[in-house]
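K.L.:
Input structure: query.cif, which contains mmCIF, C-alpha atoms.
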```cif
data_target
#
loop_
_atom_site.label_atom_id
_atom_site.label_comp_id
_atom_site.auth_asym_id
_atom_site.auth_seq_id
_atom_site.Cartn_x
_atom_site.Cartn_y
_atom_site.Cartn_z
CA MET F 29 -6.29 -20.24 27.17
CA ASP F 30 -5.63 -17.62 29.87
CA ALA F 31 -6.77 -14.00 29.62
CA ALA F 32 -3.40 -12.68 28.47
CA ALA F 33 -3.14 -15.26 25.71
CA LYS F 34 -6.68 -14.45 24.62
CA THR F 35 -5.91 -10.73 24.45
CA ASN F 36 -2.81 -11.58 22.50
CA ARG F 37 -4.77 -13.60 19.95
CA VAL F 38 -7.31 -10.82 19.45
CA MET F 39 -4.45 -8.36 18.95
CA GLU F 40 -2.82 -10.66 16.42
CA ARG F 41 -5.96 -10.75 14.30
CA LYS F 42 -6.16 -6.98 14.12
CA PRO F 43 -4.21 -5.65 11.11
CA LYS F 44 -0.88 -4.18 12.22
CA ASN F 45 0.02 -0.69 11.15
CA ILE F 46 2.94 -0.83 8.70
CA PHE F 47 3.14 2.86 7.86
CA THR F 48 5.73 5.34 9.08
CA GLN F 49 5.60 9.07 8.36
CA GLY F 50 8.69 10.02 6.33
CA ALA F 51 11.88 7.99 5.83
CA ILE F 52 12.71 4.83 7.78
CA ASP F 53 15.66 5.58 10.09
CA PRO F 54 18.63 3.20 9.69
CA ALA F 55 18.95 3.24 13.50
CA PHE F 56 15.42 1.78 13.71
CA ILE F 57 16.52 -1.02 11.36
CA ALA F 58 19.57 -1.70 13.53
CA ASP F 59 17.37 -1.80 16.65
CA SER F 60 14.96 -4.20 14.94
CA ILE F 61 17.83 -6.59 14.25
CA ALA F 62 19.13 -6.27 17.82
CA ASN F 63 15.62 -7.02 19.19
CA HIS F 64 15.85 -10.54 17.74
CA SER F 65 18.89 -11.60 19.76
CA SER F 66 16.63 -13.11 22.44
CA LYS F 67 14.84 -15.33 19.89
CA ILE F 68 17.46 -18.05 19.78
CA ASN F 69 15.41 -20.45 17.63
CA ILE F 70 16.16 -18.15 14.66
CA GLY F 71 19.00 -19.24 12.37
CA GLY F 72 18.65 -16.72 9.55
CA HIS F 73 17.25 -13.29 8.75
CA SER F 74 16.46 -11.81 5.38
CA ILE F 75 16.10 -8.07 4.96
CA PHE F 76 15.01 -5.99 1.99
CA LEU F 77 15.50 -2.22 2.07
CA GLY F 78 13.94 -0.02 -0.59
CA GLN F 79 15.77 3.26 -1.18
CA VAL F 80 14.51 6.28 -3.12
CA ARG F 81 16.50 6.54 -6.35
CA ALA F 82 17.35 9.91 -7.92
CA ASP F 83 16.16 8.95 -11.42
CA VAL F 84 16.79 11.48 -14.18
CA ILE F 85 13.75 11.85 -16.44
CA ASN F 86 13.84 14.31 -19.34
CA GLU F 87 16.88 15.96 -17.76
CA LYS F 88 15.06 16.49 -14.46
CA LYS F 89 16.27 14.76 -11.34
CA VAL F 90 13.96 13.13 -8.78
CA ALA F 91 14.56 14.84 -5.43
CA ALA F 92 12.06 12.81 -3.38
CA ILE F 93 9.05 10.53 -3.55
CA GLU F 94 5.82 11.38 -1.80
CA TYR F 95 3.84 8.28 -0.81
CA THR F 96 0.10 8.14 -0.24
CA THR F 97 -2.16 5.18 0.47
CA TYR F 98 -5.72 4.02 0.91
CA GLU F 99 -4.79 3.08 4.45
CA GLU F 100 -7.75 0.94 5.52
CA LEU F 101 -7.56 -1.17 2.37
CA ALA F 102 -3.74 -1.35 2.49
CA LEU F 103 -3.68 -2.60 6.09
CA GLU F 104 -6.33 -5.23 5.34
CA LYS F 105 -4.40 -6.36 2.27
CA MET F 106 -1.11 -6.48 4.20
CA HIS F 107 -2.84 -8.59 6.84
CA VAL F 108 -3.86 -11.11 4.16
CA ILE F 109 -0.34 -11.14 2.70
CA ARG F 110 1.07 -11.71 6.19
CA GLU F 111 -1.29 -14.62 6.96
CA GLU F 112 -0.64 -16.25 3.58
CA THR F 113 3.12 -15.87 3.97
CA PHE F 114 3.08 -17.48 7.42
CA ALA F 115 0.93 -20.31 6.03
CA LYS F 116 3.34 -20.91 3.15
CA TYR F 117 6.74 -20.53 4.84
CA GLU F 118 8.20 -21.75 8.15
CA LEU F 119 8.82 -18.26 9.54
CA THR F 120 9.62 -17.25 13.08
CA CYS F 121 8.62 -13.65 12.47
CA MET F 122 8.04 -11.01 9.86
CA HIS F 123 8.09 -7.21 10.02
CA VAL F 124 7.07 -4.72 7.33
CA HIS F 125 7.49 -0.94 7.40
CA HIS F 126 6.54 1.36 4.53
CA SER F 127 6.94 5.13 4.39
CA LEU F 128 4.18 7.64 3.79
CA GLY F 129 4.70 11.29 2.97
CA THR F 130 7.95 12.63 1.56
CA VAL F 131 11.13 10.54 1.44
CA ALA F 132 14.24 12.16 -0.06
CA ALA F 133 16.49 10.44 -2.61
CA GLY F 134 18.93 8.20 -0.76
CA GLU F 135 16.60 7.53 2.15
CA ILE F 136 14.90 4.24 3.02
CA CYS F 137 11.19 3.90 2.15
CA LEU F 138 10.55 0.16 2.60
CA PHE F 139 11.85 -2.30 5.20
CA VAL F 140 10.88 -5.98 5.02
CA PHE F 141 12.39 -8.30 7.60
CA THR F 142 11.76 -12.06 7.80
CA SER F 143 13.36 -14.60 10.12
CA SER F 144 13.36 -18.39 10.21
CA ALA F 145 15.19 -21.37 11.70
CA HIS F 146 16.88 -22.07 8.36
CA ARG F 147 17.79 -19.47 5.75
CA ARG F 148 15.71 -20.62 2.76
CA ALA F 149 12.30 -19.79 4.26
CA ALA F 150 13.39 -16.30 5.32
CA ILE F 151 14.95 -15.51 1.93
CA ASP F 152 12.03 -16.82 -0.17
CA ALA F 153 9.38 -15.24 2.04
CA CYS F 154 11.16 -11.88 2.02
CA ASN F 155 11.38 -11.85 -1.81
CA GLU F 156 7.74 -12.84 -2.19
CA VAL F 157 6.48 -10.27 0.32
CA VAL F 158 8.41 -7.46 -1.42
CA GLU F 159 6.91 -8.44 -4.79
CA ARG F 160 3.41 -8.63 -3.32
CA ILE F 161 3.79 -5.23 -1.63
CA LYS F 162 4.77 -3.72 -4.98
CA THR F 163 1.84 -5.20 -6.90
CA GLU F 164 -0.96 -5.60 -4.35
CA LEU F 165 -0.74 -2.78 -1.81
CA PRO F 166 -2.75 0.35 -2.63
CA VAL F 167 0.19 2.77 -2.24
CA TRP F 168 1.17 5.42 -4.76
CA GLY F 169 4.48 7.21 -5.22
CA LYS F 170 4.68 10.70 -6.63
CA GLU F 171 8.15 11.54 -7.92
CA LEU F 172 8.99 15.10 -6.98
CA PHE F 173 11.59 16.76 -9.19
CA GLU F 174 14.12 19.34 -8.07
CA ASP F 175 12.17 22.06 -9.94
CA GLU F 176 9.01 21.24 -7.91
CA THR F 177 7.15 19.60 -10.82
CA HIS F 178 6.11 15.95 -10.39
CA GLN F 179 5.18 12.76 -12.15
CA TRP F 180 3.48 9.63 -10.85
CA LYS F 181 5.77 6.68 -10.29
CA VAL F 182 5.18 3.50 -12.31
CA ASN F 183 6.42 0.22 -10.80
CA GLN F 184 8.49 -2.00 -13.10
CA MET I 11 -31.83 10.03 -1.81
CA MET I 12 -28.66 8.04 -2.37
CA ARG I 13 -25.42 9.42 -1.07
CA VAL I 14 -22.19 7.94 -2.41
CA GLU I 15 -18.72 9.07 -1.38
CA VAL I 16 -16.07 8.78 -4.08
CA LEU I 17 -12.36 8.62 -3.19
CA PHE I 18 -9.56 9.24 -5.68
CA PHE I 19 -5.97 8.11 -5.30
CA GLY I 20 -2.57 8.57 -6.94
CA LYS I 21 -2.63 10.31 -10.30
CA LEU I 22 -6.42 10.56 -10.21
CA VAL I 23 -6.18 13.14 -7.39
CA ASP I 24 -4.56 15.51 -9.92
CA ILE I 25 -7.67 15.16 -12.09
CA ALA I 26 -10.58 15.08 -9.66
CA GLY I 27 -9.28 16.01 -6.20
CA ALA I 28 -9.17 13.66 -3.21
CA SER I 29 -12.90 13.02 -2.79
CA LEU I 30 -16.41 14.09 -3.69
CA VAL I 31 -20.01 13.13 -2.99
CA LEU I 32 -22.47 12.02 -5.66
CA ASN I 33 -26.18 11.69 -5.17
CA ASN I 34 -28.51 9.47 -7.12
CA VAL I 35 -26.09 7.05 -8.67
CA THR I 36 -27.24 3.47 -8.24
CA SER I 37 -24.44 1.49 -9.87
CA THR I 38 -20.70 1.76 -10.52
CA ASP I 39 -21.37 2.08 -14.28
CA GLU I 40 -23.64 5.06 -13.64
CA LEU I 41 -21.09 6.55 -11.30
CA LEU I 42 -18.34 6.21 -13.92
CA GLU I 43 -20.54 7.80 -16.55
CA GLN I 44 -21.11 10.82 -14.32
CA LEU I 45 -17.47 11.12 -13.34
CA ARG I 46 -16.33 10.98 -16.97
CA LEU I 47 -18.75 13.79 -17.84
CA GLN I 48 -17.47 15.86 -14.94
CA TYR I 49 -13.78 15.00 -15.49
CA PRO I 50 -13.13 14.09 -19.15
CA PRO I 51 -9.40 13.28 -18.56
CA LEU I 52 -10.53 10.32 -16.40
CA ALA I 53 -11.48 8.45 -19.58
CA ALA I 54 -7.79 8.09 -20.49
CA GLU I 55 -6.78 6.68 -17.10
CA LYS I 56 -6.37 3.07 -16.00
CA PHE I 57 -7.85 2.17 -12.62
CA ILE I 58 -9.78 -0.44 -10.68
CA MET I 59 -12.65 0.31 -8.31
CA ALA I 60 -13.40 -0.76 -4.77
CA VAL I 61 -16.86 -0.54 -3.23
CA ASP I 62 -16.68 -0.39 0.56
CA LYS I 63 -13.07 -1.62 0.37
CA LYS I 64 -13.88 -4.64 -1.83
CA THR I 65 -12.36 -4.49 -5.29
CA ILE I 66 -14.86 -5.18 -8.07
CA SER I 67 -14.48 -6.17 -11.72
CA ILE I 68 -18.08 -5.96 -12.94
CA ASN I 69 -20.86 -3.38 -12.68
CA THR I 70 -21.95 -3.32 -9.04
CA SER I 71 -25.04 -1.79 -7.47
CA LEU I 72 -24.47 0.86 -4.85
CA THR I 73 -26.20 1.40 -1.53
CA ASP I 74 -26.84 4.57 0.46
CA ASN I 75 -23.73 5.88 2.23
CA CYS I 76 -21.35 3.54 0.47
CA THR I 77 -17.80 4.50 -0.47
CA VAL I 78 -16.37 3.95 -3.92
CA ALA I 79 -12.61 4.24 -4.43
CA LEU I 80 -10.86 4.65 -7.78
CA LEU I 81 -7.43 3.03 -7.60
CA PRO I 82 -4.86 3.59 -10.37
CA PRO I 83 -1.96 1.09 -10.74
CA PHE I 84 -0.09 0.76 -7.44
CA SER I 85 3.44 2.11 -7.17
CA GLY I 86 4.55 1.59 -3.59
CA GLY I 87 7.92 0.39 -2.33
#
```
Translate this file's structure into structure tokens.
P.N.:
Amino acid sequence: MDAAAKTNRVMERKPKNIFTQGAIDPAFIADSIANHSSKINIGGHSIFLGQVRADVINEKKVAAIEYTTYEELALEKMHVIREETFAKYELTCMHVHHSLGTVAAGEICLFVFTSSAHRRAAIDACNEVVERIKTELPVWGKELFEDETHQWKVNQ
Amino acid sequence: MMRVEVLFFGKLVDIAGASLVLNNVTSTDELLEQLRLQYPPLAAEKFIMAVDKKTISINTSLTDNCTVALLPPFSGG
């Protein structure tokens, strides 16, 4: 193994940061797709986009969600999810981006992107990763109402 | 003297603030007992605990300078 490959391996073992301050820009999503055009062994991509919904609760409308996390634990957990997903599915690559801070209704707060040679692996892995993010990542959403009161989000 | 940092997340921040330091607690059960005395609304809340980033499910002894996190149900995505 040459020095560059070694450095690369060490970097791969370090948990990647998945968090973005504020909403995820649709232009960033478009760029991420475009960046895969050089990987011509890919035959299918699967993408999940989470969008902040303006729920109405007791006649009050959700204006935004404010996300917080226990970052060190979340990044370690995401690293485990990533390794287990690569072990289980024949993926070419996988990218996860989750918002922190305030994301307004209508904006994107979660972007999961999996790619594989054949569609099934990308689709199944993407679904599983989204479910695992929802149940296993220490992230909390605070639903901010238009009148500046709040309630804590509960995942269904 | 034992120093234990306690971190609160999600809804629990509304009750107890983001963090505090407790001295002289030697186990997670003792720590919970103290926190519930200090913040009675905590008793009604559901959460799991992590000691130095490892989630625990049984009473766990604490060491000097350790960090205990109280994690309510996750609601990311």
K.L.:
Which residues are close to Glu159 of chain F, i.e. within 12 Å by only C-alpha atoms, leaving aside same-chain residues fewer than 2 positions away? Reply as number ranges by chain.
P.N.:
F: 76, 78, 109, 138, 140, 152-157, 161-165, 183-184; I: 84-87
K.L.:
If we count all atoms listed in the file, what is near Leu81 of chain I at a cut-off of 7 Å, once residues fewer than 6 positions away on the same chain are taken out, given as a ChimeraX atom specification?
P.N.:
/I:18-19,57-59
K.L.:
Could you take the residues named above and write them with C-alpha atoms, as a CSV table (one decimal), in the coordinates of the input?
P.N.:
```csv
chain,number,residue,atom,x,y,z
I,18,PHE,CA,-9.6,9.2,-5.7
I,19,PHE,CA,-6.0,8.1,-5.3
I,57,PHE,CA,-7.8,2.2,-12.6
I,58,ILE,CA,-9.8,-0.4,-10.7
I,59,MET,CA,-12.6,0.3,-8.3
```
K.L.:
Starting from chain F, keep only residues with some atom at most 12 Å from an atom of chain I, counting only C-alpha atoms, and report them as a count of residues only.
P.N.:
55
K.L.:
Any idea what the distance is between atom CA of Thr70 of chain I and atom CA of Tyr49 of chain I?
P.N.:
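Between atom CA of Thr70 of chain I and atom CA of Tyr49 of chain I the gap works out to 21.1 Å.
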K.L.:
Measure the distance from atom CA of Phe56 of chain F to atom CA of Ile70 of chain F in Å and round it to one decimal.
P.N.:
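Distance reported for this atom pair: 20.0 Å.
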K.L.:
With only C-alpha atoms as the atoms that count, which of F:Ala133, F:Ile151, F:Met122, F:Ala55 lies nearest to Phe173 of chain F?
P.N.:
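Ranked by minimum distance to Phe173 of chain F, first place goes to F:Ala133.
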K.L.:
So the first atom is atom CA of Ala26 of chain I and the second is atom CA of Val90 of chain F; what is the distance between them in Å, to one decimal place?
P.N.:
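Atom-to-atom, atom CA of Ala26 of chain I to atom CA of Val90 of chain F, that is 24.6 Å.
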K.L.:
May I have the protein, DNA and RNA residues with any atom at most 9 Å from the point (-16.6, 7.1, -11.4), counting only C-alpha atoms, written as a ChimeraX atom specification?
P.N.:
/I:16,38-46,52,59,78-80
K.L.:
Extending 5 Å beyond the listed atoms of segment 142-155 of chain F on each side, what axis-aligned box results? I want centre and edge lengths in Å to one decimal, as lines of an AutoDock Vina configuration file.
P.N.:
```
center_x = 13.6
center_y = -17.0
center_z = 4.9
size_x = 18.4
size_y = 20.2
size_z = 23.5
```
K.L.:
So, counting all atoms listed in the file, which residue among F:Ser65, F:Asn45, F:Thr177, F:Thr120 is closest to Phe141 of chain F?
P.N.:
F:Thr120
K.L.:
Apply the PyMOL selection byres ((chain F and resi 117) around 10) to the structure shown and report the selected residues as a VMD selection string.
P.N.:
chain F and resid 112 to 116 118 to 120 144 148 to 150 152 to 153
K.L.:
When distances are computed from only C-alpha atoms, which of I:Gln48, I:Val14, I:Ala53, I:Thr73 shows the smallest separation from Leu32 of chain I?
P.N.:
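Checking each candidate against Leu32 of chain I, we get I:Val14 as the closest.
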